[in-house]
Structure formats: C-alpha cells, structure tokens
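Chemist: Just so it is clear, I am handing over structure.cif, which has mmCIF, C-alpha atoms and all ligand atoms.
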```
data_entry
#
loop_
_atom_site.group_PDB
_atom_site.id
_atom_site.type_symbol
_atom_site.label_atom_id
_atom_site.label_comp_id
_atom_site.auth_asym_id
_atom_site.auth_seq_id
_atom_site.Cartn_x
_atom_site.Cartn_y
_atom_site.Cartn_z
ATOM 1 C CA MET S 1 144.673 55.750 -50.124
ATOM 2 C CA THR S 2 142.913 58.221 -47.857
ATOM 3 C CA LYS S 3 143.814 57.955 -44.216
ATOM 4 C CA PRO S 4 140.959 56.886 -41.910
ATOM 5 C CA ASP S 5 139.909 59.418 -39.266
ATOM 6 C CA VAL S 6 140.623 58.311 -35.705
ATOM 7 C CA LEU S 7 139.615 60.022 -32.476
ATOM 8 C CA LEU S 8 142.263 59.947 -29.759
ATOM 9 C CA VAL S 9 140.482 60.301 -26.406
ATOM 10 C CA GLY S 10 143.616 61.081 -24.386
ATOM 11 C CA PRO S 11 147.328 61.323 -25.187
ATOM 12 C CA TYR S 12 149.518 58.272 -25.783
ATOM 13 C CA PRO S 13 153.305 58.169 -25.410
ATOM 14 C CA GLU S 14 154.899 60.289 -28.154
ATOM 15 C CA GLN S 15 156.323 57.266 -30.003
ATOM 16 C CA ASP S 16 152.791 55.912 -30.508
ATOM 17 C CA MET S 17 151.359 59.311 -31.359
ATOM 18 C CA ALA S 18 153.974 59.638 -34.115
ATOM 19 C CA VAL S 19 152.956 56.308 -35.672
ATOM 20 C CA LEU S 20 149.264 57.133 -35.377
ATOM 21 C CA ARG S 21 149.735 60.587 -36.905
ATOM 22 C CA ASP S 22 151.436 58.951 -39.851
ATOM 23 C CA ALA S 23 148.695 56.410 -40.507
ATOM 24 C CA TYR S 24 145.540 58.353 -39.606
ATOM 25 C CA VAL S 25 143.905 61.729 -39.565
ATOM 26 C CA LEU S 26 144.022 62.113 -35.787
ATOM 27 C CA HIS S 27 141.503 64.125 -33.793
ATOM 28 C CA ASN S 28 142.692 64.871 -30.257
ATOM 29 C CA LEU S 29 139.587 65.003 -28.093
ATOM 30 C CA TRP S 30 141.387 66.067 -24.921
ATOM 31 C CA GLU S 31 142.590 69.259 -26.600
ATOM 32 C CA ALA S 32 139.049 70.383 -27.441
ATOM 33 C CA THR S 33 137.322 72.812 -25.098
ATOM 34 C CA ASP S 34 133.819 71.939 -26.309
ATOM 35 C CA HIS S 35 133.706 68.165 -26.767
ATOM 36 C CA ARG S 36 130.177 68.120 -28.127
ATOM 37 C CA ALA S 37 130.934 70.662 -30.873
ATOM 38 C CA PHE S 38 134.271 68.993 -31.622
ATOM 39 C CA LEU S 39 132.579 65.623 -32.146
ATOM 40 C CA ALA S 40 129.657 67.091 -34.101
ATOM 41 C CA GLU S 41 132.048 68.684 -36.614
ATOM 42 C CA ARG S 42 133.720 65.316 -37.260
ATOM 43 C CA ALA S 43 130.765 62.989 -36.690
ATOM 44 C CA ASP S 44 130.556 61.613 -40.209
ATOM 45 C CA SER S 45 134.255 61.022 -40.735
ATOM 46 C CA ILE S 46 135.527 59.374 -37.538
ATOM 47 C CA ARG S 47 135.749 55.605 -38.010
ATOM 48 C CA GLY S 48 137.978 54.677 -35.093
ATOM 49 C CA ILE S 49 138.557 55.575 -31.445
ATOM 50 C CA ALA S 50 141.900 55.055 -29.728
ATOM 51 C CA THR S 51 141.336 55.277 -25.990
ATOM 52 C CA ARG S 52 142.973 54.194 -22.744
ATOM 53 C CA GLY S 53 141.775 51.949 -19.948
ATOM 54 C CA ASP S 54 141.297 54.905 -17.620
ATOM 55 C CA LEU S 55 139.330 56.916 -20.206
ATOM 56 C CA GLY S 56 137.235 54.268 -21.926
ATOM 57 C CA ALA S 57 134.396 55.147 -24.281
ATOM 58 C CA ASP S 58 130.812 55.527 -23.103
ATOM 59 C CA SER S 59 127.597 55.151 -25.068
ATOM 60 C CA ALA S 60 127.242 58.936 -25.540
ATOM 61 C CA LEU S 61 130.646 59.100 -27.217
ATOM 62 C CA MET S 62 129.773 56.187 -29.486
ATOM 63 C CA ASP S 63 126.415 57.714 -30.351
ATOM 64 C CA ALA S 64 128.068 60.987 -31.318
ATOM 65 C CA LEU S 65 129.968 59.043 -34.001
ATOM 66 C CA PRO S 66 127.641 57.253 -36.421
ATOM 67 C CA ALA S 67 130.493 56.073 -38.684
ATOM 68 C CA LEU S 68 132.388 54.441 -35.797
ATOM 69 C CA GLU S 69 133.724 50.924 -36.536
ATOM 70 C CA ILE S 70 136.401 50.225 -33.929
ATOM 71 C CA ILE S 71 137.411 51.193 -30.389
ATOM 72 C CA ALA S 72 141.027 50.274 -29.631
ATOM 73 C CA CYS S 73 141.846 50.406 -25.933
ATOM 74 C CA TYR S 74 145.361 50.902 -24.556
ATOM 75 C CA GLY S 75 145.002 48.555 -21.579
ATOM 76 C CA VAL S 76 143.644 45.090 -20.864
ATOM 77 C CA GLY S 77 140.752 46.266 -18.676
ATOM 78 C CA VAL S 78 137.826 47.595 -20.687
ATOM 79 C CA ASP S 79 135.465 48.304 -17.797
ATOM 80 C CA LYS S 80 135.188 51.927 -18.919
ATOM 81 C CA VAL S 81 134.111 50.965 -22.420
ATOM 82 C CA ASP S 82 130.362 50.365 -22.736
ATOM 83 C CA LEU S 83 130.763 46.898 -24.232
ATOM 84 C CA GLU S 84 127.068 46.150 -24.510
ATOM 85 C CA HIS S 85 126.495 49.312 -26.471
ATOM 86 C CA ALA S 86 129.455 48.621 -28.745
ATOM 87 C CA ARG S 87 128.254 45.084 -29.391
ATOM 88 C CA ALA S 88 124.726 46.280 -30.164
ATOM 89 C CA ARG S 89 126.133 48.797 -32.632
ATOM 90 C CA GLY S 90 128.465 46.209 -34.189
ATOM 91 C CA ILE S 91 131.542 48.200 -33.166
ATOM 92 C CA CYS S 92 134.710 46.131 -32.756
ATOM 93 C CA VAL S 93 136.479 46.602 -29.380
ATOM 94 C CA THR S 94 140.114 45.623 -28.893
ATOM 95 C CA HIS S 95 142.392 45.668 -25.828
ATOM 96 C CA THR S 96 145.987 44.810 -24.886
ATOM 97 C CA PRO S 97 146.103 41.507 -22.971
ATOM 98 C CA ASN S 98 149.228 39.331 -22.492
ATOM 99 C CA VAL S 99 151.837 42.040 -23.106
ATOM 100 C CA LEU S 100 151.351 43.503 -19.613
ATOM 101 C CA THR S 101 150.831 40.290 -17.639
ATOM 102 C CA ASN S 102 154.394 39.976 -16.330
ATOM 103 C CA ASP S 103 154.729 43.574 -15.201
ATOM 104 C CA VAL S 104 151.343 43.632 -13.500
ATOM 105 C CA ALA S 105 152.144 40.347 -11.743
ATOM 106 C CA ASP S 106 155.534 41.763 -10.726
ATOM 107 C CA MET S 107 153.738 44.728 -9.190
ATOM 108 C CA GLY S 108 151.476 42.357 -7.268
ATOM 109 C CA LEU S 109 154.511 40.541 -5.906
ATOM 110 C CA ALA S 110 156.361 43.794 -5.186
ATOM 111 C CA LEU S 111 153.384 45.226 -3.289
ATOM 112 C CA MET S 112 152.994 42.031 -1.275
ATOM 113 C CA LEU S 113 156.676 42.067 -0.336
ATOM 114 C CA ALA S 114 156.652 45.811 0.347
ATOM 115 C CA LEU S 115 153.682 45.458 2.672
ATOM 116 C CA ALA S 116 154.803 42.326 4.510
ATOM 117 C CA ARG S 117 158.417 43.437 4.838
ATOM 118 C CA ARG S 118 157.576 47.112 5.421
ATOM 119 C CA ILE S 119 159.929 48.236 2.642
ATOM 120 C CA PRO S 120 158.676 51.868 2.462
ATOM 121 C CA GLN S 121 158.973 52.215 6.242
ATOM 122 C CA GLY S 122 162.457 50.680 6.231
ATOM 123 C CA ASP S 123 163.520 53.094 3.529
ATOM 124 C CA ALA S 124 162.166 56.056 5.520
ATOM 125 C CA TYR S 125 163.864 54.738 8.667
ATOM 126 C CA VAL S 126 167.283 54.736 6.995
ATOM 127 C CA ARG S 127 166.810 58.103 5.285
ATOM 128 C CA SER S 128 165.616 59.835 8.454
ATOM 129 C CA GLY S 129 168.733 58.841 10.386
ATOM 130 C CA GLN S 130 166.690 56.871 12.941
ATOM 131 C CA TRP S 131 168.643 53.712 12.176
ATOM 132 C CA ARG S 132 171.830 55.298 13.529
ATOM 133 C CA LYS S 133 170.088 55.986 16.850
ATOM 134 C CA ALA S 134 168.052 52.813 17.406
ATOM 135 C CA LYS S 135 169.330 49.364 18.324
ATOM 136 C CA MET S 136 166.995 47.240 16.251
ATOM 137 C CA GLY S 137 164.303 47.997 13.660
ATOM 138 C CA ARG S 138 160.736 46.746 13.971
ATOM 139 C CA LEU S 139 160.353 43.142 12.841
ATOM 140 C CA THR S 140 158.263 42.354 9.779
ATOM 141 C CA THR S 141 156.244 39.423 8.404
ATOM 142 C CA SER S 142 157.589 36.414 6.521
ATOM 143 C CA LEU S 143 155.821 35.228 3.381
ATOM 144 C CA ALA S 144 157.378 31.769 2.966
ATOM 145 C CA GLY S 145 154.979 29.098 4.180
ATOM 146 C CA LYS S 146 152.007 31.485 4.173
ATOM 147 C CA THR S 147 149.023 31.110 1.859
ATOM 148 C CA LEU S 148 148.226 33.527 -0.934
ATOM 149 C CA GLY S 149 144.590 33.705 -1.939
ATOM 150 C CA VAL S 150 144.195 34.753 -5.560
ATOM 151 C CA LEU S 151 140.834 36.287 -6.341
ATOM 152 C CA GLY S 152 140.436 35.782 -10.094
ATOM 153 C CA LEU S 153 142.736 33.160 -11.636
ATOM 154 C CA GLY S 154 143.068 34.685 -15.094
ATOM 155 C CA ARG S 155 146.299 35.475 -16.914
ATOM 156 C CA ILE S 156 147.491 37.894 -14.231
ATOM 157 C CA GLY S 157 146.273 35.761 -11.305
ATOM 158 C CA ARG S 158 148.248 32.825 -12.668
ATOM 159 C CA ALA S 159 151.385 34.905 -13.201
ATOM 160 C CA VAL S 160 151.150 36.186 -9.621
ATOM 161 C CA SER S 161 150.661 32.620 -8.360
ATOM 162 C CA SER S 162 153.814 31.308 -10.021
ATOM 163 C CA ARG S 163 155.813 34.197 -8.557
ATOM 164 C CA ALA S 164 154.382 33.534 -5.091
ATOM 165 C CA GLU S 165 155.212 29.844 -5.444
ATOM 166 C CA ALA S 166 158.828 30.892 -6.005
ATOM 167 C CA CYS S 167 158.556 32.651 -2.624
ATOM 168 C CA GLN S 168 157.448 29.284 -1.210
ATOM 169 C CA MET S 169 153.920 30.397 -0.574
ATOM 170 C CA LYS S 170 150.925 28.066 -0.882
ATOM 171 C CA ILE S 171 148.273 29.140 -3.362
ATOM 172 C CA ALA S 172 144.498 29.097 -3.061
ATOM 173 C CA TYR S 173 141.979 30.798 -5.326
ATOM 174 C CA HIS S 174 138.418 31.706 -6.053
ATOM 175 C CA ASP S 175 137.123 32.134 -9.579
ATOM 176 C CA LEU S 176 133.865 31.678 -11.458
ATOM 177 C CA ILE S 177 135.138 28.281 -12.606
ATOM 178 C CA VAL S 178 137.338 25.564 -11.146
ATOM 179 C CA HIS S 179 140.580 25.409 -13.132
ATOM 180 C CA GLU S 180 141.395 21.732 -13.669
ATOM 181 C CA ASP S 181 144.969 22.389 -14.827
ATOM 182 C CA VAL S 182 146.223 23.747 -11.475
ATOM 183 C CA ASP S 183 146.499 22.022 -8.116
ATOM 184 C CA TYR S 184 145.777 25.139 -6.069
ATOM 185 C CA ALA S 185 143.041 24.882 -3.430
ATOM 186 C CA TYR S 186 139.720 26.181 -4.773
ATOM 187 C CA TYR S 187 137.216 28.058 -2.611
ATOM 188 C CA ALA S 188 133.658 28.534 -3.762
ATOM 189 C CA SER S 189 133.332 32.154 -2.580
ATOM 190 C CA PRO S 190 135.547 35.194 -1.947
ATOM 191 C CA HIS S 191 134.519 34.976 1.712
ATOM 192 C CA GLU S 192 135.652 31.360 2.100
ATOM 193 C CA LEU S 193 138.898 32.134 0.278
ATOM 194 C CA ALA S 194 139.632 35.127 2.517
ATOM 195 C CA ALA S 195 139.022 33.046 5.638
ATOM 196 C CA ALA S 196 141.567 30.454 4.471
ATOM 197 C CA VAL S 197 144.497 32.670 3.469
ATOM 198 C CA ASP S 198 147.096 35.074 4.868
ATOM 199 C CA VAL S 199 147.252 37.406 1.874
ATOM 200 C CA LEU S 200 144.359 38.117 -0.477
ATOM 201 C CA MET S 201 145.433 39.372 -3.915
ATOM 202 C CA VAL S 202 142.698 40.819 -6.104
ATOM 203 C CA CYS S 203 143.347 39.970 -9.778
ATOM 204 C CA LEU S 204 139.784 40.353 -11.078
ATOM 205 C CA SER S 205 138.752 42.335 -14.097
ATOM 206 C CA GLY S 206 136.439 45.225 -13.365
ATOM 207 C CA SER S 207 132.775 44.595 -14.209
ATOM 208 C CA ALA S 208 129.284 44.722 -12.714
ATOM 209 C CA THR S 209 129.833 41.131 -11.507
ATOM 210 C CA THR S 210 133.050 41.900 -9.639
ATOM 211 C CA ALA S 211 131.986 45.295 -8.233
ATOM 212 C CA GLN S 212 132.536 45.460 -4.445
ATOM 213 C CA MET S 213 133.363 41.758 -4.356
ATOM 214 C CA VAL S 214 135.761 42.453 -1.500
ATOM 215 C CA ASP S 215 133.231 43.778 0.991
ATOM 216 C CA LYS S 216 133.114 44.176 4.754
ATOM 217 C CA GLY S 217 132.430 40.464 5.254
ATOM 218 C CA VAL S 218 135.366 39.379 3.087
ATOM 219 C CA LEU S 219 137.677 41.764 4.958
ATOM 220 C CA ALA S 220 136.438 40.443 8.310
ATOM 221 C CA ALA S 221 137.077 36.904 7.065
ATOM 222 C CA LEU S 222 140.628 37.851 6.039
ATOM 223 C CA GLY S 223 141.218 38.669 9.684
ATOM 224 C CA SER S 224 143.479 40.762 11.853
ATOM 225 C CA GLN S 225 146.682 39.185 10.506
ATOM 226 C CA GLY S 226 145.456 39.282 6.907
ATOM 227 C CA MET S 227 146.780 41.496 4.125
ATOM 228 C CA LEU S 228 144.942 42.731 1.046
ATOM 229 C CA ILE S 229 146.652 43.527 -2.264
ATOM 230 C CA ASN S 230 144.743 45.072 -5.169
ATOM 231 C CA ILE S 231 146.239 45.207 -8.668
ATOM 232 C CA SER S 232 142.926 44.985 -10.532
ATOM 233 C CA ARG S 233 140.359 47.774 -10.300
ATOM 234 C CA GLY S 234 139.329 49.930 -7.358
ATOM 235 C CA SER S 235 135.716 49.019 -8.066
ATOM 236 C CA THR S 236 136.284 45.457 -6.835
ATOM 237 C CA VAL S 237 136.783 46.626 -3.234
ATOM 238 C CA ASP S 238 134.367 48.430 -0.920
ATOM 239 C CA GLU S 239 136.833 51.253 -0.222
ATOM 240 C CA PRO S 240 135.103 52.786 2.850
ATOM 241 C CA ALA S 241 134.885 49.277 4.355
ATOM 242 C CA LEU S 242 138.593 48.802 3.631
ATOM 243 C CA VAL S 243 139.487 52.075 5.354
ATOM 244 C CA GLU S 244 137.449 51.024 8.362
ATOM 245 C CA ALA S 245 139.029 47.566 8.446
ATOM 246 C CA LEU S 246 142.519 49.111 8.339
ATOM 247 C CA GLN S 247 141.714 51.606 11.068
ATOM 248 C CA SER S 248 140.030 49.085 13.378
ATOM 249 C CA GLY S 249 142.663 46.404 12.889
ATOM 250 C CA ALA S 250 140.125 44.054 11.289
ATOM 251 C CA ILE S 251 142.883 43.411 8.740
ATOM 252 C CA ALA S 252 146.643 43.943 9.163
ATOM 253 C CA GLY S 253 147.357 45.989 6.055
ATOM 254 C CA ALA S 254 146.724 46.717 2.402
ATOM 255 C CA ALA S 255 148.828 47.443 -0.671
ATOM 256 C CA LEU S 256 146.941 49.141 -3.453
ATOM 257 C CA ASP S 257 147.739 50.090 -7.046
ATOM 258 C CA VAL S 258 144.109 50.966 -7.804
ATOM 259 C CA PHE S 259 141.370 53.003 -6.142
ATOM 260 C CA ALA S 260 137.647 53.577 -6.396
ATOM 261 C CA ASN S 261 137.911 57.141 -7.687
ATOM 262 C CA GLU S 262 141.355 57.627 -9.222
ATOM 263 C CA PRO S 263 143.389 59.740 -8.830
ATOM 264 C CA GLN S 264 141.588 60.546 -5.584
ATOM 265 C CA VAL S 265 142.833 58.471 -2.658
ATOM 266 C CA PRO S 266 141.027 58.641 0.693
ATOM 267 C CA GLU S 267 142.943 60.766 3.201
ATOM 268 C CA ALA S 268 142.837 57.899 5.707
ATOM 269 C CA LEU S 269 144.865 55.746 3.306
ATOM 270 C CA LEU S 270 147.399 58.506 2.649
ATOM 271 C CA THR S 271 148.222 58.753 6.331
ATOM 272 C CA ALA S 272 147.972 55.087 7.363
ATOM 273 C CA ASP S 273 151.142 53.248 8.328
ATOM 274 C CA ASN S 274 149.785 49.799 7.399
ATOM 275 C CA VAL S 275 149.255 50.728 3.762
ATOM 276 C CA VAL S 276 151.472 50.789 0.638
ATOM 277 C CA LEU S 277 150.258 52.885 -2.281
ATOM 278 C CA GLN S 278 150.995 53.063 -6.004
ATOM 279 C CA PRO S 279 149.549 55.389 -8.683
ATOM 280 C CA HIS S 280 147.864 52.693 -10.855
ATOM 281 C CA HIS S 281 151.207 51.951 -12.382
ATOM 282 C CA ALA S 282 151.418 48.153 -12.592
ATOM 283 C CA SER S 283 151.873 48.180 -16.367
ATOM 284 C CA GLY S 284 153.966 51.348 -16.268
ATOM 285 C CA THR S 285 157.315 50.171 -17.585
ATOM 286 C CA VAL S 286 159.005 51.426 -20.734
ATOM 287 C CA GLU S 287 158.938 47.934 -22.216
ATOM 288 C CA THR S 288 155.324 47.090 -21.485
ATOM 289 C CA ARG S 289 153.954 50.474 -22.465
ATOM 290 C CA ALA S 290 155.823 50.179 -25.787
ATOM 291 C CA ALA S 291 154.266 46.747 -26.343
ATOM 292 C CA MET S 292 150.805 48.051 -25.403
ATOM 293 C CA GLY S 293 151.130 50.944 -27.855
ATOM 294 C CA ALA S 294 152.325 48.621 -30.609
ATOM 295 C CA LEU S 295 149.351 46.327 -30.009
ATOM 296 C CA VAL S 296 146.832 49.176 -30.176
ATOM 297 C CA ILE S 297 148.431 50.266 -33.452
ATOM 298 C CA GLU S 298 148.354 46.719 -34.833
ATOM 299 C CA ASN S 299 144.691 46.276 -33.858
ATOM 300 C CA LEU S 300 143.792 49.470 -35.727
ATOM 301 C CA ARG S 301 145.952 48.570 -38.716
ATOM 302 C CA CYS S 302 144.350 45.131 -39.081
ATOM 303 C CA HIS S 303 140.854 46.508 -38.772
ATOM 304 C CA PHE S 304 141.346 49.145 -41.448
ATOM 305 C CA ALA S 305 143.116 46.600 -43.689
ATOM 306 C CA GLY S 306 140.035 44.386 -43.507
ATOM 307 C CA GLU S 307 141.788 41.782 -41.324
ATOM 308 C CA ARG S 308 140.721 40.500 -37.908
ATOM 309 C CA PRO S 309 142.549 42.476 -35.178
ATOM 310 C CA PRO S 310 144.856 40.293 -33.045
ATOM 311 C CA THR S 311 143.281 41.027 -29.665
ATOM 312 C CA PRO S 312 139.561 41.746 -29.894
ATOM 313 C CA VAL S 313 137.472 41.726 -26.696
ATOM 314 C CA PHE S 314 134.679 39.991 -28.613
HETATM 315 C C1 LIG O 401 146.836 51.002 -17.690
HETATM 316 C C2 LIG O 401 145.374 49.050 -16.911
HETATM 317 O O1 LIG O 401 147.384 51.769 -16.672
HETATM 318 O O2 LIG O 401 145.644 47.534 -18.668
HETATM 319 C C3 LIG O 401 144.902 47.964 -17.807
HETATM 320 O O3 LIG O 401 143.753 47.532 -17.652
HETATM 321 O O4 LIG O 401 144.727 49.368 -15.983
HETATM 322 C C4 LIG O 401 146.691 49.659 -17.135
HETATM 323 O O5 LIG O 401 147.533 48.862 -17.864
HETATM 324 C C5 LIG O 401 145.719 51.725 -18.269
HETATM 325 O O6 LIG O 401 144.926 51.019 -19.134
HETATM 326 C C6 LIG O 401 146.280 52.938 -18.983
HETATM 327 O O7 LIG O 401 145.288 53.771 -19.232
#
```
Would you write out, as structure tokens, the structure that this file holds?

Modeler:
Amino acid sequence: MTKPDVLLVGPYPEQDMAVLRDAYVLHNLWEATDHRAFLAERADSIRGIATRGDLGADSALMDALPALEIIACYGVGVDKVDLEHARARGICVTHTPNVLTNDVADMGLALMLALARRIPQGDAYVRSGQWRKAKMGRLTTSLAGKTLGVLGLGRIGRAVSSRAEACQMKIAYHDLIVHEDVDYAYYASPHELAAAVDVLMVCLSGSATTAQMVDKGVLAALGSQGMLINISRGSTVDEPALVEALQSGAIAGAALDVFANEPQVPEALLTADNVVLQPHHASGTVETRAAMGALVIENLRCHFAGERPPTPVF
C-alpha cells in the first residue's frame, strides 16, 4: 500500500517523528525556506497535516492543499486552526483532549501555590544566602478556606477544582452553562465570579467568544487581594490591563503559563515580584507528551484506515 503524504508543520518529539516517518511520506514544512513553493510542489499529494497547538493551520495553508482530508493537532486547544474553513471544506480536525488534563490541572494548582506561597521568591531567598542573615522571611498567603473561581468548567476546570478542594478551598465558577452535577456556586458572568472569589483561574478554551474575557473590569472586581492564574490561552486576558492591574495593586498577583504573543512576555511581567511565569508548559511532561503524540498518530491512522478518529473536534 502506498503511504499517504502528510505535511508536518513543526517538529514533534523524535519518538513520534520516527513512527510518522514509518507510516507516511512526511513533508517537513518548517525546514523549507520558501513555504509557498514547497507547498505548491506537493499540493496534489498531501492528504494530511500534523500540526501543533501553537502552530495551527490557517485557511491559506488549507487552500494550498486541495487534496487535504485531515488536520491532526498535537494539543487540545485548536484556536490556531481555522475550524470554520476546515468544516466548510469537509476536512476532519482532530485534537488531543483528556490525556493532558491531569498535568495541565497540576500546573494550575502548582502556579496557584507558587504565587500564594511565594515559592520562587523563597527559593531565591535561600539560594542568595539572605536566609542566613535575616531573622524571619516574609509571610505568605494561605489557600485553605479561600474561594477559587474557575472560569470555564470543562475537563481541565473540573480537574483543577477537585485539586483545590483537596486544599480545602471553596469552588465557584462561571461557564456558558450551569453544570447540574456539581454543587459549586455558579456566577452568571466573569465579573460577578471575580468579585466573589480570592483566586481566579482561567481554564477557558481560546476562541472569539473567550477573547479578552478577563478585562479591566474583571480584574478590578477580583480586587487588591485577588490572584489571577492563567493556564488556558493568553488571548483570554487583556494583557496590558493585567500589567496595569499588577503595577497599580488593583490585583495582588498573577501566575501565568500563557501569554498574548508567545514567546514574547511583556517586560513589566518579567521584572514584577508579584508574578510567577511559565513557558506554556502545562502539558510538558514526558508522560503526557508521549500520550499526546500517540493520540495524534492514532487519529491519523484511523482516518487513513477509513475509521472514525478517536478524538475529532467535530
Ligand atoms: C501544548 C496546549 O503546549 O494542548 C494545548 O492546547 O496548549 C499544549 O498542550 C501545545 O499544543 C503544543 O504545541
């Protein structure tokens, strides 16, 4: 059987590349100097795209490939894939939900603890030798008894909630729907949720609907003791408004795994003391990345075998 041609938009871990190389004629887009010419030469043969959440696939890429049948995304968030265009063209889009839920939720919890308990600052304090000179370190903030506001109660929002419950936090949430199977307090808007909680954790998926959902008003409602955690997409937060809120003391602090224009991070965040930063690495464990790669490979395999892929977006 002839191997289907698949375009790889950016590199995957070597273990996945090896499997893909075995099953497909791979075309590595990121190695091409002239993308347009590269795609034109292969336009009629490429039937699949393997991409990543950070790279996506826009309408121009799809239109350069008339034989395209499937876009398999390494990541749960498909905000960088033009879904409407894919749907209109009848192109199947798959992603990697479930397998990363625990690690992303762990990152949410870790960031919340790191921010409230000033873990990075404590680490620096010990390393710098200051501890040996001072009598007592600066006190931090307790989480037990506080309320976590979960913005977006999907798979990851729920996994974060159960972890926070183990820390004896109360849970409140805002979502497009009221979830009848949980007894968490529901708030009808992000603003009302922010006003009611101590920590606001953004667990939304990135989309036009969620863009800038955490705006100046939501940050003001969170208040001067409030903390913001973002493990979703940078697009969900008005980043300049966040910087201003951190500088003015409108909120107490923020812990961020995602940014508006990755890998660019505003200078003001890099130098702020009330901020904890991560390089969009919530799913970045050996175990989860292996599971994500395996799921991309299985989605492609099923599609080309004429079976329904296990995790289609639609
Ligand atoms: C990945 C992610 O870092 O799954 C997602 O939506 O943002 C992350 O797991 C990303 O997709 C890798 O490119």

Chemist: Which neighbours of Ala260 in chain S fall inside 8 Å, counting only C-alpha atoms, when residues of the same chain fewer than 3 positions from it are skipped, and could you give them as JSON, numbers by chain?

Modeler: {"S": [233, 234, 235, 237, 239]}

Chemist: Write out as a PyMOL selection string which residues come within 10 Å of range 118-134 of chain S when counting all atoms listed in the file, dropping same-chain ones fewer than 5 positions away.

Modeler: chain S and resi 110-113+139-141+273-277

Chemist: Once you count only C-alpha atoms and all ligand atoms, which residues end up within 7 Å of ligand LIG 401 (chain O), and could you hand them over as a VMD selection string?

Modeler: chain S and resid 52 to 55 74 to 78 96 100 280 to 284

Chemist: Which residues, written as a list in words, have at least one atom at most 6 Å from Asn230 in chain S, with only C-alpha atoms counted and residues fewer than 3 positions away on the same chain left out?

Modeler: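 The residues satisfying every condition are Met201, Val202 and Leu256 of chain S.
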
Chemist: Once the PyMOL selection byres (((chain S and resi 168) around 10) and not hetatm) is applied to the coordinates I shared, what remains selected? I want it as a PyMOL selection string.

Modeler: chain S and resi 143-147+162-167+169-171

Chemist: Select, from S:Glu307, S:Glu41, S:Asp63, S:Asp16, the residue with the minimum atom-to-atom distance to His85 in chain S, counting all atoms listed in the file.

Modeler: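 Using all atoms listed in the file, His85 in chain S sits closest to S:Asp63.
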
Chemist: Could you put an axis-aligned box around every listed atom of range 130-142 of chain S, padded by 3 Å on each side, and send me its centre and edge lengths in Å to one decimal, as AutoDock Vina command-line options?

Modeler:
```
--center_x 164.0 --center_y 46.6 --center_z 12.4 --size_x 21.6 --size_y 26.5 --size_z 17.8
```

Chemist: Expand the PyMOL selection byres (((chain S and resi 87) around 12) and not hetatm) into the explicit residue set it covers here, and present it as a PyMOL selection string.

Modeler: chain S and resi 59+62+69-71+81-86+88-94+312-314

Chemist: For the structure shown, which residues end up in the PyMOL selection byres (((chain S and resi 229) around 12) and not hetatm)? Put them as an MDAnalysis selection string, please?

Modeler: chainID S and resid 105 107:116 148:151 157 160 194 198:204 214 219 222 226:228 230:234 236:237 242 251:259 274:278

Chemist: Counting only C-alpha atoms, what is within 12 Å of Tyr12 in chain S, bar same-chain residues fewer than 2 positions away, as a list of chain:residue names?

Modeler: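 Residues near the query, excluding close chain neighbours: S:Leu8, S:Val9, S:Gly10, S:Glu14, S:Gln15, S:Asp16, S:Met17, S:Ala18, S:Val19, S:Leu20, S:Arg21, S:Asn28, S:Trp30, S:Ala50, S:Thr51, S:Arg52, S:Gly53, S:Leu55, S:Cys73, S:Tyr74, S:Gly75, S:Arg289, S:Ala290, S:Met292, S:Gly293, S:Ala294, S:Val296, S:Ile297.
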
Chemist: Quick one: distance from CA of Ile49 in chain S to CA of Leu61 in chain S in Å, one decimal?

Modeler: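 Atom-to-atom, CA of Ile49 in chain S and CA of Leu61 in chain S are spaced 9.6 Å apart.
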
Chemist: One decimal, Å: what's the distance from CA of Ser189 in chain S over to CA of Gly154 in chain S, could you say?

Modeler: 16.1 Å

Chemist: CA of Tyr187 in chain S to CA of His174 in chain S: how many Å, to one decimal?

Modeler: 5.2 Å

Chemist: Between S:Ala159, S:Leu193, S:Leu39, S:Met136, which is the closest to Ala60 in chain S once you count all atoms listed in the file?

Modeler: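 Using all atoms listed in the file, Ala60 in chain S sits closest to S:Leu39.
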
Chemist: Do a neighbour search on range 265-268 of chain S at 9 Å with only C-alpha atoms, toss out local chain neighbours closer than 2 positions, and write the hits as a PyMOL selection string.

Modeler: chain S and resi 239-240+243+247+259-263+270-272

Chemist: Which polymer residues, protein or nucleic acid, are no farther than 6 Å from (137.8, 56.1, -34.9), counting only C-alpha atoms, as a PyMOL selection string?

Modeler: chain S and resi 5-7+46-49+68

Chemist: Pick the closest to Ala185 in chain S from S:Leu153, S:Ala211, S:Ala72, S:Ala43: which is it, counting all atoms listed in the file?

Modeler: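 The answer is S:Leu153, which sits nearest to Ala185 in chain S.
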
Chemist: Nearest to Leu295 in chain S: which of S:Ala245, S:Asp183, S:Val99, S:Ser161 is it, counting all atoms listed in the file?

Modeler: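 Answer, going by the shortest atom-to-atom distance: S:Val99.
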